[in-house]
Amino acid sequence: MTNADTITAISTPLGEGGIGIVRMSGPQAYEIAMRVFECSKSCAKTFPEPRRLYHGYIRNREGQIIDEVLTVFMPAPHTYTREDIVEINCHSGIIPLRMILKITLENGARLAEPGEFTKRAFVNGRIDLSQAEAVMNIVRARSEEAVRVATRTMQGELSEKVSQIRDHIIGIRAPLEAWFDYPEEQENVNLSADQINPGLIKLKIEVSELLKGVERNRVYQEGISVAIIGKPNVGKSSLLNALLRQQRAIVHEMPGTTRDMLEGFMSLGGYPIRLVDTAGIQGTDDPVEKEGIELSRKAAAQARMLIMVLDGSAPWDKEDKEIAMLRNQDQGLVIVVNKKDLDKKISLKMLQEIHADAEVVETSAIKGEGIAMLESAVTRQLDNLLGKSSESPAVVSLRHEEILTEALSSIESAITAFENQPLELVSMELQNAWYKLGEITGETASDALLDKIFSEFCLGK
Ligand SMILES: Nc1nc2c(ncn2[C@@H]2O[C@H](COP(=O)(O)OP(=O)(O)O)[C@@H](O)[C@H]2O)c(=O)[nH]1
Ligand SMILES: [Mg+2]
């Protein structure tokens, strides 16, 4: 399938920089480029050899030189879109880029829609939908690990796994369908539990495995929120600053300085972390302070992990206990005993009874001591929380997660149906799962779904 029109777009960020690229894709890309690009004499001998960078000039309709550029011609089908592509590398400034874009438009190209180059790669069969989405995930990645995961998807790991599962579904459905379609052959078709059940169970495991990688990979993509909680004045804001290595939070001796929540981003062990510093969690009559405390409770409730800070130079008290109770069991927890530069008065006996699984780290936020230990403790907790060694294909998006969840539920229904309901239902549930899974690779995705996915891409991609 080929597109009759030629699209053009500025494919680099609009702004001042070393190089900006205007890219065209489609049947007229060459022709348009030949009209607007004038190759400099020194390289005219080989011009226009494919995949060779040519020095030259872009001229406007009046024949004036707009910019000095390097242009490359890439013939179909071995290109990003599988169509003819021309890229014009010009000086990156908003005006030259726009002027060159305008010239390509005046010569018959059409402005590309967001994601249209990648959409053409999909429509022309070079990549499937999950690979196209992975391209966007690479562009938007917030951590190196996110890039790693998305690259694996782009190379087709997820598609391959999903295709295998869909083939297994067809394999299980085949005898069922034979049984419905050829009643006279029914005695020759083996539909015993021994024959069908193992396949169904295996299918369930395969889809569940894919789902397991979801949270971990989503964290790599979107980050994870870690809240620093504790009484006023224990050193939460000082710790936030020490971790972020900047003066983000206001530190003050007066209890209750941090009235609103403050947050900062950092990366530990490859995890992008949103670190939230909360106001002290303690009974108070000050209305502004109180509002801050409500926010804190909420932040603690929304965080995937808590850093609970105690003042080591003061005894453990009932407020500390109240704070200790804010943790829910599936949240990760690191306990920080701060102010270790002062005499130690705290006992952790009670706290460790409540949260035996938490790691304890001693720090001095003002002296910057114990911060590296705190960082490793947080990383270890996140590893435990998210299952470190998952090498299953990367399921990166909420869309994939929804599809897999639905497919899993159809497979589970098929298992139940096989035990006590008509076989038609088993086959129908399996068909649902097969169809749903096809939306990951795009084979069964509707045009509306495709439009929606590609419209979220950036311009020029
Ligand atoms: N001696 C000592 N004082 C600290 C330490 N960390 C913070 N402080 C002091 O404790 C006070 C409260 O700190 P802050 O970070 O605002 O606490 P928050 O209310 O929990 O955010 C400030 O005067 C800090 O200088 C520490 O490790 N040792
Ligand atoms: Mg504070």
# chains A, B, ... in the order shown; residues from 1 in each chain; ligands from 1
$ residues_around --residues "segment 422-427 of chain A" --least-positions-apart "4" --cutoff "12 Å" --atoms "only C-alpha atoms" --output "ChimeraX atom specification"
/A:169-181,191-193,196-197,200,410-418,431-434
$ write_last_selection --atoms "N, CA and C atoms" --output "CSV table (one decimal), in the first residue's frame"
chain,number,residue,atom,x,y,z
A,169,ILE,N,-3.4,-19.6,20.5
A,169,ILE,CA,-4.8,-19.6,20.6
A,169,ILE,C,-5.5,-20.3,19.4
A,170,ILE,N,-4.9,-20.0,18.3
A,170,ILE,CA,-5.5,-20.7,17.1
A,170,ILE,C,-5.3,-22.2,17.2
A,171,GLY,N,-4.2,-22.6,17.7
A,171,GLY,CA,-3.9,-24.0,17.9
A,171,GLY,C,-5.0,-24.7,18.8
A,172,ILE,N,-5.3,-24.0,19.9
A,172,ILE,CA,-6.3,-24.6,20.8
A,172,ILE,C,-7.7,-24.5,20.2
A,173,ARG,N,-8.0,-23.5,19.4
A,173,ARG,CA,-9.3,-23.4,18.8
A,173,ARG,C,-9.6,-24.4,17.7
A,174,ALA,N,-8.5,-24.8,17.0
A,174,ALA,CA,-8.7,-25.6,15.8
A,174,ALA,C,-9.5,-26.8,16.1
A,175,PRO,N,-9.2,-27.7,17.1
A,175,PRO,CA,-10.1,-28.9,17.3
A,175,PRO,C,-11.5,-28.5,17.7
A,176,LEU,N,-11.6,-27.4,18.4
A,176,LEU,CA,-13.0,-27.0,18.8
A,176,LEU,C,-13.8,-26.6,17.5
A,177,GLU,N,-13.2,-25.9,16.7
A,177,GLU,CA,-13.9,-25.5,15.4
A,177,GLU,C,-14.2,-26.7,14.6
A,178,ALA,N,-13.2,-27.6,14.5
A,178,ALA,CA,-13.4,-28.8,13.7
A,178,ALA,C,-14.7,-29.6,14.2
A,179,TRP,N,-14.7,-29.5,15.5
A,179,TRP,CA,-15.8,-30.3,16.2
A,179,TRP,C,-17.2,-29.6,15.8
A,180,PHE,N,-17.2,-28.3,15.8
A,180,PHE,CA,-18.5,-27.6,15.5
A,180,PHE,C,-18.8,-27.8,14.0
A,181,ASP,N,-17.8,-27.6,13.1
A,181,ASP,CA,-18.0,-27.6,11.7
A,181,ASP,C,-18.3,-28.9,11.1
A,191,LEU,N,-11.5,-33.9,22.4
A,191,LEU,CA,-11.7,-32.6,23.2
A,191,LEU,C,-11.7,-32.9,24.7
A,192,SER,N,-10.9,-34.0,25.1
A,192,SER,CA,-10.9,-34.3,26.5
A,192,SER,C,-10.1,-33.2,27.3
A,193,ALA,N,-10.4,-33.2,28.6
A,193,ALA,CA,-9.7,-32.2,29.4
A,193,ALA,C,-8.2,-32.3,29.3
A,196,ILE,N,-7.2,-30.4,26.1
A,196,ILE,CA,-7.4,-29.0,26.0
A,196,ILE,C,-6.8,-28.2,27.2
A,197,ASN,N,-7.0,-28.7,28.4
A,197,ASN,CA,-6.6,-27.9,29.6
A,197,ASN,C,-5.2,-27.4,29.6
A,200,LEU,N,-4.8,-24.3,27.6
A,200,LEU,CA,-5.4,-23.1,28.2
A,200,LEU,C,-4.6,-22.6,29.4
A,410,SER,N,-10.6,-13.0,29.3
A,410,SER,CA,-11.2,-13.9,28.3
A,410,SER,C,-10.7,-15.3,28.5
A,411,ILE,N,-9.4,-15.4,28.6
A,411,ILE,CA,-8.8,-16.8,28.8
A,411,ILE,C,-9.2,-17.5,30.0
A,412,GLU,N,-9.3,-16.7,31.1
A,412,GLU,CA,-9.9,-17.3,32.3
A,412,GLU,C,-11.3,-17.7,32.2
A,413,SER,N,-12.1,-16.9,31.5
A,413,SER,CA,-13.5,-17.3,31.2
A,413,SER,C,-13.5,-18.6,30.4
A,414,ALA,N,-12.6,-18.7,29.4
A,414,ALA,CA,-12.5,-19.9,28.6
A,414,ALA,C,-12.3,-21.1,29.4
A,415,ILE,N,-11.3,-20.9,30.4
A,415,ILE,CA,-11.0,-22.1,31.3
A,415,ILE,C,-12.2,-22.5,32.1
A,416,THR,N,-13.0,-21.5,32.6
A,416,THR,CA,-14.2,-21.8,33.4
A,416,THR,C,-15.2,-22.5,32.5
A,417,ALA,N,-15.4,-21.9,31.3
A,417,ALA,CA,-16.4,-22.4,30.4
A,417,ALA,C,-16.1,-23.8,30.0
A,418,PHE,N,-14.8,-24.2,29.8
A,418,PHE,CA,-14.4,-25.5,29.4
A,418,PHE,C,-14.8,-26.5,30.5
A,431,GLN,N,-11.6,-16.6,20.9
A,431,GLN,CA,-11.6,-15.7,19.8
A,431,GLN,C,-11.5,-14.2,20.3
A,432,ASN,N,-12.2,-13.9,21.4
A,432,ASN,CA,-12.1,-12.5,21.9
A,432,ASN,C,-10.6,-12.2,22.3
A,433,ALA,N,-10.0,-13.1,23.0
A,433,ALA,CA,-8.6,-12.9,23.4
A,433,ALA,C,-7.7,-12.7,22.2
A,434,TRP,N,-7.9,-13.5,21.2
A,434,TRP,CA,-7.1,-13.5,20.0
A,434,TRP,C,-7.2,-12.1,19.3
$ select_by_dssp --residues "segment 86-154 of chain A" --states "strand (DSSP E)" --output "ChimeraX atom specification"
/A:86-92,110-111
$ write_last_selection --atoms "C-alpha atoms" --output "short mmCIF file (atom, residue, chain, number, x, y, z; two decimals), in the first residue's frame"
data_model
loop_
_atom_site.label_atom_id
_atom_site.label_comp_id
_atom_site.auth_asym_id
_atom_site.auth_seq_id
_atom_site.Cartn_x
_atom_site.Cartn_y
_atom_site.Cartn_z
CA VAL A 86 14.73 13.30 1.15
CA GLU A 87 16.27 15.03 4.13
CA ILE A 88 17.54 18.57 3.91
CA ASN A 89 20.01 19.45 6.67
CA CYS A 90 20.03 23.18 7.08
CA HIS A 91 21.10 25.70 9.67
CA SER A 92 18.78 25.32 12.61
CA ARG A 110 1.71 18.49 1.93
CA LEU A 111 2.38 19.29 5.58
#
$ residues_around --residues "Gly63 of chain A" --least-positions-apart "6" --cutoff "12 Å" --atoms "only C-alpha atoms" --output "list in words"
Arg35, Val36, Phe37, Glu38, Tyr57 and Ile103 of chain A
$ write_last_selection --atoms "N, CA and C atoms" --output "PDB file, in the first residue's frame"
ATOM      1  N   ARG A  35      14.026  20.242  -7.629  1.00  0.00           N
ATOM      2  CA  ARG A  35      13.647  21.599  -8.039  1.00  0.00           C
ATOM      3  C   ARG A  35      14.207  22.664  -7.110  1.00  0.00           C
ATOM      4  N   VAL A  36      14.247  22.346  -5.809  1.00  0.00           N
ATOM      5  CA  VAL A  36      14.612  23.407  -4.864  1.00  0.00           C
ATOM      6  C   VAL A  36      16.082  23.361  -4.443  1.00  0.00           C
ATOM      7  N   PHE A  37      16.721  22.228  -4.659  1.00  0.00           N
ATOM      8  CA  PHE A  37      18.108  22.061  -4.215  1.00  0.00           C
ATOM      9  C   PHE A  37      19.071  22.161  -5.398  1.00  0.00           C
ATOM     10  N   GLU A  38      20.097  22.968  -5.195  1.00  0.00           N
ATOM     11  CA  GLU A  38      21.100  23.093  -6.248  1.00  0.00           C
ATOM     12  C   GLU A  38      22.417  22.556  -5.706  1.00  0.00           C
ATOM     13  N   TYR A  57      22.704  24.347  -2.193  1.00  0.00           N
ATOM     14  CA  TYR A  57      21.917  25.509  -1.758  1.00  0.00           C
ATOM     15  C   TYR A  57      20.436  25.290  -2.028  1.00  0.00           C
ATOM     16  N   ILE A 103       9.066  26.247   1.013  1.00  0.00           N
ATOM     17  CA  ILE A 103       9.428  25.961  -0.379  1.00  0.00           C
ATOM     18  C   ILE A 103       9.007  24.547  -0.783  1.00  0.00           C
TER      19      ILE A 103
END
$ select_by_dssp --residues "segment 379-434 of chain A" --states "alpha helix (DSSP H)" --output "PyMOL selection string"
chain A and resi 379-386+398-420+423-434
$ residues_around --residues "Arg304 of chain A" --least-positions-apart "5" --cutoff "12 Å" --atoms "only C-alpha atoms" --output "VMD selection string"
chain A and resid 215 to 216 219 223 to 228 273 to 276 298 to 299 327 to 334 378 381 to 382 385 to 386
$ closest_residue --among "A:Ile229, A:Leu14, A:Lys212, A:Glu406" --to "Ile95 of chain A" --atoms "only C-alpha atoms"
A:Leu14
$ closest_residue --among "A:Val309, A:Leu158, A:Ile403, A:Leu459" --to "ligand 1" --atoms "only C-alpha atoms and all ligand atoms"
A:Val309
$ atom_distance --atom1 "atom CA of Thr71 of chain A" --atom2 "atom CA of Tyr54 of chain A"
5.1 Å
